[in-house]
$ cat protein_0.txt   # compact mmCIF, C-alpha atoms
# COMPACT_ATOMS: atom_id res chain seq x y z
CA ASP A 1 14.67 12.20 5.03
CA ALA A 2 14.63 15.97 5.09
CA GLY A 3 15.64 17.39 8.44
CA ILE A 4 12.44 18.94 9.66
CA THR A 5 11.15 18.64 13.20
CA GLN A 6 7.91 19.85 14.69
CA SER A 7 7.31 20.35 18.38
CA PRO A 8 5.32 19.48 20.29
CA ARG A 9 3.83 16.49 18.51
CA HIS A 10 0.69 16.55 20.61
CA LYS A 11 -0.87 19.27 22.72
CA VAL A 12 -4.10 19.79 24.58
CA THR A 13 -4.86 23.35 25.61
CA GLU A 14 -7.76 25.33 26.97
CA THR A 15 -9.82 27.86 25.06
CA GLY A 16 -8.37 31.33 25.35
CA THR A 17 -4.79 30.34 26.07
CA PRO A 18 -1.88 31.19 23.78
CA VAL A 19 -0.12 28.34 22.02
CA THR A 20 3.11 28.27 20.04
CA LEU A 21 4.13 25.51 17.68
CA ARG A 22 7.69 25.23 16.47
CA CYS A 23 9.13 24.04 13.19
CA HIS A 24 12.86 23.49 12.96
CA GLN A 25 14.78 22.59 9.79
CA THR A 26 18.37 21.62 9.15
CA GLU A 27 18.19 21.88 5.34
CA ASN A 28 18.76 25.64 5.01
CA HIS A 29 15.68 25.89 2.79
CA ARG A 30 14.42 29.38 2.10
CA TYR A 31 10.69 28.69 2.19
CA MET A 32 8.76 27.45 5.20
CA TYR A 33 5.03 26.86 5.46
CA TRP A 34 2.37 26.14 8.05
CA TYR A 35 -0.65 24.14 6.96
CA ARG A 36 -3.60 22.78 8.86
CA GLN A 37 -5.28 19.53 7.95
CA ASP A 38 -8.97 18.99 8.61
CA PRO A 39 -11.33 16.29 7.34
CA GLY A 40 -12.91 17.29 4.05
CA HIS A 41 -10.59 20.27 3.57
CA GLY A 42 -7.28 18.71 2.74
CA LEU A 43 -4.38 20.96 3.62
CA ARG A 44 -4.95 24.68 3.90
CA LEU A 45 -2.14 27.19 4.07
CA ILE A 46 -2.04 29.35 7.21
CA HIS A 47 1.14 31.40 6.74
CA TYR A 48 4.40 31.03 4.96
CA SER A 49 7.85 32.54 5.01
CA TYR A 50 10.17 33.31 2.12
CA GLY A 51 13.12 34.38 4.22
CA VAL A 52 14.17 35.57 7.66
CA LYS A 53 11.60 38.09 8.87
CA ASP A 54 9.69 37.76 5.57
CA THR A 55 6.26 36.22 5.99
CA ASP A 56 2.91 36.34 4.28
CA LYS A 57 -0.64 35.20 4.91
CA GLY A 58 -2.24 32.13 3.50
CA GLU A 59 -5.81 31.06 2.98
CA VAL A 60 -6.76 30.65 6.66
CA SER A 61 -4.57 33.11 8.57
CA ASP A 62 -7.15 34.64 10.93
CA GLY A 63 -6.30 33.89 14.56
CA TYR A 64 -2.71 32.91 13.77
CA SER A 65 0.59 34.74 13.69
CA VAL A 66 4.07 33.60 12.72
CA SER A 67 7.65 34.60 13.20
CA ARG A 68 10.92 33.65 11.59
CA SER A 69 13.95 35.18 13.27
CA LYS A 70 16.35 32.50 11.98
CA THR A 71 16.48 30.50 8.78
CA GLU A 72 15.96 27.26 10.64
CA ASP A 73 12.99 28.14 12.85
CA PHE A 74 9.42 29.06 11.96
CA LEU A 75 6.98 29.58 14.82
CA LEU A 76 3.21 29.49 14.62
CA THR A 77 1.30 31.20 17.42
CA LEU A 78 -2.36 30.97 18.27
CA GLU A 79 -2.84 34.13 20.29
CA SER A 80 -6.03 32.92 21.97
CA ALA A 81 -6.90 29.36 21.06
CA THR A 82 -10.44 28.48 20.03
CA SER A 83 -12.10 25.10 19.51
CA SER A 84 -12.18 25.75 15.75
CA GLN A 85 -8.39 25.64 15.81
CA THR A 86 -8.41 22.01 16.88
CA SER A 87 -6.56 20.42 13.99
CA VAL A 88 -3.41 18.73 12.82
CA TYR A 89 -0.74 21.25 11.90
CA PHE A 90 2.00 20.53 9.39
CA CYS A 91 5.14 22.45 8.69
CA ALA A 92 6.73 22.18 5.27
CA ILE A 93 9.93 23.45 3.70
CA SER A 94 11.16 23.93 0.16
CA ASP A 95 14.19 25.48 -1.46
CA ARG A 96 12.19 27.16 -4.23
CA ALA A 97 8.74 28.62 -4.38
CA GLY A 98 5.73 26.67 -5.54
CA ASP A 99 7.08 24.60 -8.39
CA THR A 100 9.32 22.26 -6.47
CA GLU A 101 8.92 19.49 -3.92
CA ALA A 102 8.02 20.45 -0.38
CA PHE A 103 9.14 18.34 2.56
CA PHE A 104 6.76 17.90 5.45
CA GLY A 105 7.18 17.45 9.16
CA GLN A 106 5.39 14.76 11.12
CA GLY A 107 2.63 17.05 12.25
CA THR A 108 1.35 18.43 15.54
CA ARG A 109 -2.05 17.34 16.79
CA LEU A 110 -3.58 20.25 18.69
CA THR A 111 -6.77 19.90 20.69
CA VAL A 112 -8.44 22.98 22.15
CA VAL A 113 -10.91 22.14 24.91
CA GLY B 1 -6.77 31.82 -8.07
CA ASP B 2 -5.25 28.38 -8.28
CA SER B 3 -7.38 25.43 -7.26
CA VAL B 4 -7.32 21.64 -7.29
CA THR B 5 -10.37 19.39 -7.45
CA GLN B 6 -9.82 15.85 -6.41
CA MET B 7 -11.95 12.75 -6.54
CA GLU B 8 -14.04 12.30 -3.42
CA GLY B 9 -13.29 9.34 -1.26
CA PRO B 10 -13.05 7.07 0.46
CA VAL B 11 -12.03 4.47 -2.11
CA THR B 12 -11.94 0.80 -1.16
CA LEU B 13 -10.36 -1.76 -3.48
CA SER B 14 -9.31 -5.36 -3.35
CA GLU B 15 -5.64 -6.20 -3.64
CA GLU B 16 -4.41 -6.28 -7.27
CA ALA B 17 -7.26 -4.06 -8.47
CA PHE B 18 -6.67 -1.11 -10.79
CA LEU B 19 -6.62 2.31 -9.19
CA THR B 20 -7.57 5.69 -10.62
CA ILE B 21 -7.87 8.84 -8.55
CA ASN B 22 -9.01 11.83 -10.57
CA CYS B 23 -7.49 15.27 -10.21
CA THR B 24 -8.25 18.42 -12.19
CA TYR B 25 -6.85 21.87 -11.68
CA THR B 26 -7.36 25.54 -12.42
CA ALA B 27 -4.32 27.75 -12.73
CA THR B 28 -2.82 30.52 -14.77
CA GLY B 29 0.38 29.89 -16.59
CA TYR B 30 2.17 26.57 -16.51
CA PRO B 31 2.05 25.03 -13.06
CA SER B 32 3.92 22.02 -11.77
CA LEU B 33 1.73 19.15 -10.59
CA PHE B 34 2.32 16.73 -7.74
CA TRP B 35 0.88 13.73 -6.00
CA TYR B 36 1.65 13.37 -2.31
CA VAL B 37 0.89 10.38 -0.10
CA GLN B 38 0.20 10.38 3.63
CA TYR B 39 0.48 7.13 5.56
CA PRO B 40 -1.31 6.89 8.92
CA GLY B 41 0.25 9.07 11.58
CA GLU B 42 2.80 10.59 9.25
CA GLY B 43 3.38 13.75 7.28
CA LEU B 44 2.99 14.02 3.54
CA GLN B 45 5.67 12.74 1.22
CA LEU B 46 6.09 13.29 -2.48
CA LEU B 47 4.92 10.37 -4.61
CA LEU B 48 5.51 11.80 -8.08
CA LYS B 49 5.54 15.02 -10.01
CA ALA B 50 5.38 16.50 -13.52
CA THR B 51 6.58 19.93 -14.48
CA LYS B 52 5.27 20.45 -18.01
CA ALA B 53 2.52 19.34 -20.34
CA ASP B 54 2.63 15.67 -21.45
CA ASP B 55 5.20 14.78 -18.79
CA LYS B 56 4.54 11.51 -17.01
CA GLY B 57 5.54 11.19 -13.39
CA SER B 58 6.03 7.71 -11.99
CA ASN B 59 7.11 6.08 -8.74
CA LYS B 60 6.43 2.80 -6.92
CA GLY B 61 4.14 1.63 -9.75
CA PHE B 62 2.05 4.80 -9.66
CA GLU B 63 1.79 7.02 -12.72
CA ALA B 64 0.21 10.34 -13.64
CA THR B 65 0.33 12.30 -16.89
CA TYR B 66 0.14 16.09 -17.07
CA ARG B 67 -2.70 16.80 -19.49
CA LYS B 68 -2.91 20.48 -20.25
CA GLU B 69 -5.80 20.14 -22.71
CA THR B 70 -8.02 18.61 -20.01
CA THR B 71 -6.27 20.31 -17.05
CA SER B 72 -5.92 16.94 -15.38
CA PHE B 73 -3.33 14.87 -13.53
CA HIS B 74 -5.04 11.58 -12.70
CA LEU B 75 -3.20 9.07 -10.53
CA GLU B 76 -3.15 5.42 -11.67
CA LYS B 77 -1.73 2.12 -10.53
CA GLY B 78 -2.25 -1.16 -12.28
CA SER B 79 -2.26 -3.44 -9.24
CA VAL B 80 -2.66 -2.01 -5.76
CA GLN B 81 -1.32 -3.63 -2.61
CA VAL B 82 -2.48 -3.49 0.99
CA SER B 83 0.57 -1.34 1.72
CA ASP B 84 -0.79 1.35 -0.65
CA SER B 85 -3.55 2.16 1.84
CA ALA B 86 -3.09 5.84 2.58
CA VAL B 87 -4.45 9.29 1.83
CA TYR B 88 -3.44 10.71 -1.56
CA PHE B 89 -3.27 14.43 -2.28
CA CYS B 90 -3.05 16.12 -5.64
CA ALA B 91 -1.22 19.45 -5.52
CA LEU B 92 -0.35 22.31 -7.81
CA GLY B 93 2.66 24.59 -7.70
CA GLY B 94 1.78 27.70 -9.61
CA SER B 95 2.66 31.35 -9.77
CA ALA B 96 2.20 31.85 -6.03
CA ARG B 97 4.93 30.92 -3.57
CA GLN B 98 3.04 27.89 -2.32
CA LEU B 99 1.51 24.55 -3.13
CA THR B 100 -2.26 24.32 -3.46
CA PHE B 101 -3.69 20.98 -2.35
CA GLY B 102 -6.80 19.02 -3.16
CA SER B 103 -8.96 17.68 -0.35
CA GLY B 104 -7.33 14.26 -0.32
CA THR B 105 -8.60 10.78 -1.18
CA GLN B 106 -8.53 8.01 1.40
CA LEU B 107 -7.59 4.67 -0.20
CA THR B 108 -8.11 1.38 1.59
CA VAL B 109 -6.90 -1.82 -0.03
CA LEU B 110 -8.32 -5.07 1.31
CA PRO B 111 -6.41 -8.36 1.17

$ encode --input "protein_0.txt" --output "C-alpha cells"
Amino acid sequence: DAGITQSPRHKVTETGTPVTLRCHQTENHRYMYWYRQDPGHGLRLIHYSYGVKDTDKGEVSDGYSVSRSKTEDFLLTLESATSSQTSVYFCAISDRAGDTEAFFGQGTRLTVV
Amino acid sequence: GDSVTQMEGPVTLSEEAFLTINCTYTATGYPSLFWYVQYPGEGLQLLLKATKADDKGSNKGFEATYRKETTSFHLEKGSVQVSDSAVYFCALGGSARQLTFGSGTQLTVLP
C-alpha cells in the first residue's frame, strides 16, 4: 500500500471555526490532491499541488485554502467552517500528472454542526 | 473541459450475475481512463486502467475496453461475487494535472 496518511480520520466542529486537515505521504510523489466526496457528486477536486509551494485551485475551491511547505505534507484548511462543508475528504498522491494512477488516503469524515 | 458520465446507481445483482457499468467521457486529446473501486469505509483504489484506444484493462475478473469511437470505457464482469459489493468510479486523466471522476455507482451483490 502507498504510504499516505490522513489526519484526523473523524472530526466534528462548529460552524465558523477554522479546521485543518493533514495529508502525509512517504512516497515522495510530486502531485498531491484534496477531493471531497458527497452523495450524487462523486469526487470533486478542491485543490492540488504540483510541487512544494506550488498549488492550484480545483472545481470546488471556495472556502478552502491549502499549503505545501514540504514534499510530504499537504494541508487543507477551512478558514471558517460551514455546514455545506460537511463531507468526506480524501487526499491523493501521484508521481505524474493526470495520466497515471493516483493513490488515495483513507479519508477524513468532517461534520460541521 | 473534461467530464465523465457514469451509469446511475444503485445496482443490485444476484451472485454470479453479469455486470455492466456504463461510462462515457468527454475530453480533448488522448486521455487515460481508469476504474477505481471503493469498499465501505475505505479510500479509492485502482481497479484497472487503459492508456490508449482499443486497450483493454483487466483485474480481478473485471474488464473495460477503451473505445475512442464511442468515447466509452464500460466496466464488465462475467460473474459477480458478494465481495464485489462496493462503489465503482470511472475516471479520466487528461490534459489537466488531475483525474476527473464520475459520480460513482453503488453495486450490491446478494447471495

$ atom_distance --input "protein_0.txt" --atom1 "CA of Ser103 in chain B" --atom2 "CA of Val4 in chain B"
8.2 Å

$ closest_atom_pairs --input "protein_0.txt" --of "chain A" --to "chain B" --cutoff "12 Å" --atoms "only C-alpha atoms" --output "tab-separated table"
residue	atom	partner	partner_atom	distance
A:Asp1	CA	B:Gln45	CA	9.8
A:Ala2	CA	B:Gln45	CA	10.3
A:Ile4	CA	B:Gly43	CA	10.7
A:Thr5	CA	B:Gly43	CA	10.9
A:Gln6	CA	B:Gly43	CA	10.6
A:Arg9	CA	B:Gly41	CA	10.8
A:His10	CA	B:Gly41	CA	11.7
A:Arg30	CA	B:Arg97	CA	11.2
A:Tyr31	CA	B:Arg97	CA	8.4
A:Met32	CA	B:Gln98	CA	9.5
A:Tyr33	CA	B:Gln98	CA	8.1
A:Trp34	CA	B:Gln98	CA	10.5
A:Tyr35	CA	B:Phe101	CA	10.3
A:Arg36	CA	B:Phe101	CA	11.4
A:Gln37	CA	B:Ser103	CA	9.3
A:Asp38	CA	B:Ser103	CA	9.1
A:Pro39	CA	B:Ser103	CA	8.2
A:Gly40	CA	B:Ser103	CA	5.9
A:His41	CA	B:Ser103	CA	5.0
A:Gly42	CA	B:Ser103	CA	3.7
A:Leu43	CA	B:Phe101	CA	6.0
A:Arg44	CA	B:Phe101	CA	7.4
A:Leu45	CA	B:Thr100	CA	8.1
A:Ile46	CA	B:Gln98	CA	10.9
A:His47	CA	B:Gln98	CA	9.9
A:Tyr48	CA	B:Gln98	CA	8.0
A:Ser49	CA	B:Arg97	CA	9.2
A:Tyr50	CA	B:Arg97	CA	8.1
A:Gly51	CA	B:Arg97	CA	11.8
A:Thr55	CA	B:Arg97	CA	11.0
A:Asp56	CA	B:Arg97	CA	9.8
A:Lys57	CA	B:Gln98	CA	10.9
A:Gly58	CA	B:Gln98	CA	8.9
A:Glu59	CA	B:Thr100	CA	10.0
A:Val88	CA	B:Gly43	CA	10.1
A:Tyr89	CA	B:Gly43	CA	9.7
A:Phe90	CA	B:Gly43	CA	7.2
A:Cys91	CA	B:Gly43	CA	9.0
A:Ala92	CA	B:Leu44	CA	9.1
A:Ile93	CA	B:Gln98	CA	10.2
A:Ser94	CA	B:Gln98	CA	9.4
A:Asp95	CA	B:Arg97	CA	10.9
A:Arg96	CA	B:Arg97	CA	8.2
A:Ala97	CA	B:Arg97	CA	4.5
A:Gly98	CA	B:Gly93	CA	4.3
A:Asp99	CA	B:Gly93	CA	4.5
A:Thr100	CA	B:Gly93	CA	7.2
A:Glu101	CA	B:Leu46	CA	7.0
A:Ala102	CA	B:Leu46	CA	7.7
A:Phe103	CA	B:Gln45	CA	6.7
A:Phe104	CA	B:Gly43	CA	5.7
A:Gly105	CA	B:Gly43	CA	5.6
A:Gln106	CA	B:Gly43	CA	4.5
A:Gly107	CA	B:Gly43	CA	6.0
A:Thr108	CA	B:Gly43	CA	9.7
A:Arg109	CA	B:Gly41	CA	10.0

$ atom_distance --input "protein_0.txt" --atom1 "CA of Asn22 in chain B" --atom2 "CA of Ser85 in chain B"
16.7 Å

$ residues_near_point --input "protein_0.txt" --point "(19.1, 30.4, 12.1)" --cutoff "10 Å" --atoms "only C-alpha atoms" --output "PDB file with C-alpha atoms, in the coordinates of the input"
ATOM      1  CA  HIS A  24      12.860  23.490  12.960  1.00  0.00           C
ATOM      2  CA  GLN A  25      14.780  22.590   9.790  1.00  0.00           C
ATOM      3  CA  THR A  26      18.370  21.620   9.150  1.00  0.00           C
ATOM      4  CA  ASN A  28      18.760  25.640   5.010  1.00  0.00           C
ATOM      5  CA  VAL A  52      14.170  35.570   7.660  1.00  0.00           C
ATOM      6  CA  ARG A  68      10.920  33.650  11.590  1.00  0.00           C
ATOM      7  CA  SER A  69      13.950  35.180  13.270  1.00  0.00           C
ATOM      8  CA  LYS A  70      16.350  32.500  11.980  1.00  0.00           C
ATOM      9  CA  THR A  71      16.480  30.500   8.780  1.00  0.00           C
ATOM     10  CA  GLU A  72      15.960  27.260  10.640  1.00  0.00           C
ATOM     11  CA  ASP A  73      12.990  28.140  12.850  1.00  0.00           C
ATOM     12  CA  PHE A  74       9.420  29.060  11.960  1.00  0.00           C
TER      13      PHE A  74
END

$ atom_distance --input "protein_0.txt" --atom1 "CA of Glu14 in chain A" --atom2 "CA of Ser87 in chain A"
13.9 Å

$ residues_around --input "protein_0.txt" --residues "Thr20 in chain A" --least-positions-apart "4" --cutoff "9 Å" --atoms "all atoms listed in the file" --output "count of residues only"
5

$ residues_near_point --input "protein_0.txt" --point "(-15.4, 4.9, -2.3)" --cutoff "12 Å" --atoms "all atoms listed in the file" --output "ChimeraX atom specification"
/B:7-14,19-21,105-109
